[in-house]
Each structure stands twice: as C-alpha cells, then as structure tokens.
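Here the structure comes first, spelled out in structure tokens, and everything after it is commentary.
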Amino acid sequence: MSRKIAFKTLGCRLNQFETDALASEFHNAGYQIVDFEGKADVYVVNTCTVTKQSDKKSRNIINHAARKPGEGLVVVTGCMVNSQKDALENRDSSTYFVENDRKTSIFPMVEAHYKGEILHPNSLDPDVFDYKPADTTFHTRSLIKIQDGCDNFCTFCIVPFVRGRAVSRPFEKIRENILQVLEFGFKEIVLTGVNIGRYDHEGMNFELLVEKILEIPGDFRVRISSIEPDGYGDRFIELFNNPKLLPHLHICLQSGSDPVLLRMRRMYSLSEFRAIVDKVRSSHPDFNLTTDIIVGFPGETENDFKATCDIVKDIGFSHIHTFKYSKRKGTRAERMPGQIQENLKNERSEIIRLIGEKNKRKYRNSLIGQTQTVLVEKVLDGKARGYGEYYVPIVFPVSSASKNDTITVRVTGISDGDDPDLIGEMLP
C-alpha cells in the first residue's frame, strides 16, 4: 500500500511553487496526496514568517500536525524554520526541520527515514532551483520560479534574512521548465520569485527574460507574480502588447507617503510609482493593478496615513493586501521610535480594507460587457468558475466543461458581497 502525504502551505507564491514541486515528486514516486485534515503518513508544513500573524498560523498548524494520532512524520520547512530553527527544534524526534535552501532534500530525507536511515538535509548540496517540473499541482496554472532572495533590505522585512541574497535562475533552465509544464498540459504560467523585477543572470535582465519567454512557441499565457516597482523600465510595459502577457500586475506600494517610504528604505518615490501606473494605464486603460499596503509603520502620522488612503483611491487598486506593521527581530524598524499602538493599526487597517472593497467593485463593474477568455478552475452544479485575462474571477453556466478548459465568455453582471465574482455567459 502506498504511503499517504499531506501538505499545508502558508505565505507567498514562491512557497506555493515549492510545495507544488515537492508534491509532484512524491506523487510520481507512488505516494498518495491526501487532505491535510485527514490521516497521513507524512505531513509537510511549508511555513511563513513575514508577520507575527504568519508565525502564529505556522505554529498552530505545526502543533495540529504533531498532535495527530498515529506515527505520522512531520516535516516543517519554509521561512519560519530559517528564522526560528533553534526554538522549533525543541520537539520530539518525529519532526524534521528543513531550511529553505535545503527544501529539495525533503523527498530523499523522507525516503531515507522509512528505510531506517538518517539523512540530514545539511548533508546535501543546497540548490534553491533544483525542483523538478511539477505535473501534479494544487493549482490550474503552473508556477515558474525564476529568482530567489533579495538584496533590498527594507527596514521592516525579514525576507533577506530567511531567503538569502538575490540569485537568478539561468534562462535555459527556465525555458526547459516551461516547455515541460506545457507538455503536461498547463495553459497558463506564473513567473514567481522573491524580487523578480531584479532578475539578472549573465547580462539578461527581467525585461529581456520576459521577452524571451514570450517567444517560446506554444498556445499559453503568462502572468507576472507580485513585483516591486523598480528594476525594470518602459520596455517591460511595452511587452503587455503581446497577447500572451496578461494585463495584471500586483505592484507593492506599501505606503502613499514619501517620508514613510524613505524610513522603510523602499527603492522608489511616490512620483516614480505613479509614473509606472500612468505608463501602464495610458496604453492599457483597463489594466488591473493590485497592491500591498502596510499600516502602522513606526512614525506613521495621520497625514502619512491620509496620503496612503488618497493614493489607493486615486489609482483604484482593485485589490489591496493590507498588513499591520509587525516587528521582525533583527530588522531596523524593530528599533525605530514612534511604534504605533495596536488599536490604531486595527483602525487604519479597517479603513484601507473598506477602500479596497469599494475599489474592487468599481473596477469589476467596469469590465461588464467585455469578452474574456476564462481558464476554468472548477465546475460545480452546472457552473464553471475561473479567471479571465485581468485576473478577476468569472462564474458562468455551462453544459459541458472541465478544469483547465479555456472558454470565451461575455461578462454580463456582477455578484453581491464584499468579494464579488463577475457573471458571464459562454460565447460560441
């Protein structure tokens, strides 16, 4: 009987990519992938540590896995292991802790465990790109890792400490990965990494990389994962004229105040951010822009926060990931004066959330009447749900459709609620 393995992933798209690759490797070796809430022989928890809330969620899931009945092996990996390994290792022997650069060693380590051997992850050479192309994933689209690590060292961010310095994957390896997942049947790929706009390998920058990817033959579309507003120029924006490159960017603003951006050690000013938005919207008026906002950064005044509210309204981000500033040990912001009270962070977070909901509905209403090609993610009770080019969910009735189908749909309306779906109808 094959062993059962369950995965739980927290945090970013990069973690999702790495979990997909691990799950595919175990699946191809004969393991049965099961729901994390069920019974398994192996539980893999891929953690996040970007905020205190992320730490809490990660700990709760680790504890939940450790308390499951039986002799299940628990493997904990991800950024929380890199930042808190000593504290986490004070556990029983059924738990392994694997740092990010050793994550590809999880499969041979588990195999060795069941053979009665001990294979320490540190005994294998680290390689943050040594993941096999995933044919069995938890997603309809295929995540493609192009870069890892970051050299920016924003004052609030722990990522450079847990992911390491920036490193880029060779284009030929990326190309091989893409060709392989296209052969598996994927129709959409998502370029992901820690700071993908700073991709740089042997003279090839991010703009040239994307251009080369778009030249790969095949009927597929390309989506860009979360990106910083620096490291690329006008040529990148021009690439959105290629129908393969989908018109959506999640560009991390973080604050609408130049003094706060300076204290955060962000690599751009507000005017530079606006210039990117204006260039995108001048050639693609319906372009979907989403963002991250941190509220309650040390020293953030009422005027600073008002400036943030003003710009997110003005730009009209259709979705806003709002984070309350969270102290991360070892970062410069941890030692900054003017730490904001938690109740004020909560108030500001709620204000941004409400602005985001209003922006979302306004943007989605603007798409009514358009025709979009939807990549189906699921079909249930005669209705299909998936995402069109603008990365907005669309629900429409179908007589016959399957996951991973691409279907031409006219948007006819919008549903109720804070997170509305677009409603559509199939076209011949």
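Lettering and numbering for the structure tokens are positional, with chains as A, B, ... in the shown order, residues counted from 1 in each chain, and ligands counted from 1 in the shown order.
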
* May I have all residues of region 4-242 of chain A that DSSP, computed from the backbone, assigns to strand (DSSP E), given as a ChimeraX atom specification? => /A:4-9,32-34,42-47,73-78,95-98,142-145,147-148,167-168,188-192,200-201,204-205,221-224

* To do: Give me the residues within 7 Å of region 182-192 of chain A as a PyMOL selection string, counting only C-alpha atoms and dropping any in the same chain fewer than 6 places off.
  => chain A and resi 13-14+135+141-146+220-225

* Any idea what's packed within 12 Å of Leu208 (chain A), counting only C-alpha atoms, ignoring anything in its chain fewer than 2 positions away? Could you give it as a PyMOL selection string? -> chain A and resi 171+197-206+210-215+232-239

Would you save the residues from that selection as an mmCIF file, in the first residue's frame, using C-alpha atoms?
data_model
loop_
_atom_site.group_PDB
_atom_site.id
_atom_site.type_symbol
_atom_site.label_atom_id
_atom_site.label_comp_id
_atom_site.auth_asym_id
_atom_site.auth_seq_id
_atom_site.Cartn_x
_atom_site.Cartn_y
_atom_site.Cartn_z
ATOM 1 C CA PHE A 171 17.188 31.222 -18.760
ATOM 2 C CA GLY A 197 11.982 42.588 -11.186
ATOM 3 C CA ARG A 198 15.647 42.371 -10.169
ATOM 4 C CA TYR A 199 16.226 39.195 -12.192
ATOM 5 C CA ASP A 200 19.775 39.304 -13.539
ATOM 6 C CA HIS A 201 21.667 36.354 -14.963
ATOM 7 C CA GLU A 202 24.750 36.762 -17.128
ATOM 8 C CA GLY A 203 23.575 40.084 -18.549
ATOM 9 C CA MET A 204 19.934 39.073 -19.039
ATOM 10 C CA ASN A 205 17.618 41.352 -17.042
ATOM 11 C CA PHE A 206 13.933 40.896 -16.215
ATOM 12 C CA VAL A 210 10.070 38.055 -20.167
ATOM 13 C CA GLU A 211 10.606 38.879 -23.851
ATOM 14 C CA LYS A 212 12.429 35.562 -24.362
ATOM 15 C CA ILE A 213 9.691 33.655 -22.534
ATOM 16 C CA LEU A 214 7.015 35.206 -24.749
ATOM 17 C CA GLU A 215 8.966 33.967 -27.781
ATOM 18 C CA TYR A 232 12.512 47.455 -14.983
ATOM 19 C CA GLY A 233 11.586 50.174 -17.454
ATOM 20 C CA ASP A 234 9.416 51.116 -20.409
ATOM 21 C CA ARG A 235 10.356 48.041 -22.430
ATOM 22 C CA PHE A 236 8.663 45.803 -19.852
ATOM 23 C CA ILE A 237 5.427 47.787 -20.066
ATOM 24 C CA GLU A 238 5.531 47.581 -23.878
ATOM 25 C CA LEU A 239 5.613 43.773 -23.614
#

* To do: Within 12 Å of Lys68 (chain A), counting only C-alpha atoms, which residues show up once you throw out same-chain ones fewer than 5 positions away? Write them as a count of residues only, please.
  => 14

* Hey, what's within 12 Å of Ala87 (chain A) if we count only C-alpha atoms and toss same-chain stuff fewer than 6 positions away? As an MDAnalysis selection string, please? -> chainID A and resid 59 80:81 97

Would you write out those residues with C-alpha atoms, as a PDB file, in the first residue's frame?
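As written to disk, again-v1.pdb reads:
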ATOM      1  CA  ARG A  59       2.874  27.349  14.883  1.00  0.00           C
ATOM      2  CA  MET A  80       9.928  30.264   9.817  1.00  0.00           C
ATOM      3  CA  VAL A  81      12.499  27.472  10.046  1.00  0.00           C
ATOM      4  CA  PHE A  97      13.097  20.994  10.257  1.00  0.00           C
TER       5      PHE A  97
END

* Name the residues in contact with Asp310 (chain A) at a cut-off of 12 Å, using only C-alpha atoms, excluding same-chain residues fewer than 3 positions from it; report them as a list in words. =>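 Within the cut-off, the hits are Ser255, Gly256, Ser257, Asn303, Asp304, Phe305, Lys306, Ala307, Lys313, Asp314, Ile315, Gly316, Phe317, Ile351, Ile352, Ile355 and Gly356 of chain A.
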
* Which one is closest to Lys52 (chain A): A:Ile158, A:Asn404, A:Ser226, A:Arg165? Count only C-alpha atoms. ->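 Of A:Ile158, A:Asn404, A:Ser226, A:Arg165, the one nearest Lys52 (chain A) is A:Ile158, counting only C-alpha atoms.
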
* **Counting only C-alpha atoms, the option among A:Leu253, A:Arg265, A:Glu350, A:Ser366 closest to Asp151 (chain A)** =>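 Checking each candidate against Asp151 (chain A), we get A:Arg265 as the closest.
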
* Asked: When you draw a straight line from CA of Gly231 (chain A) to CA of Tyr131 (chain A), how long is it in Å?
  -> 25.9 Å
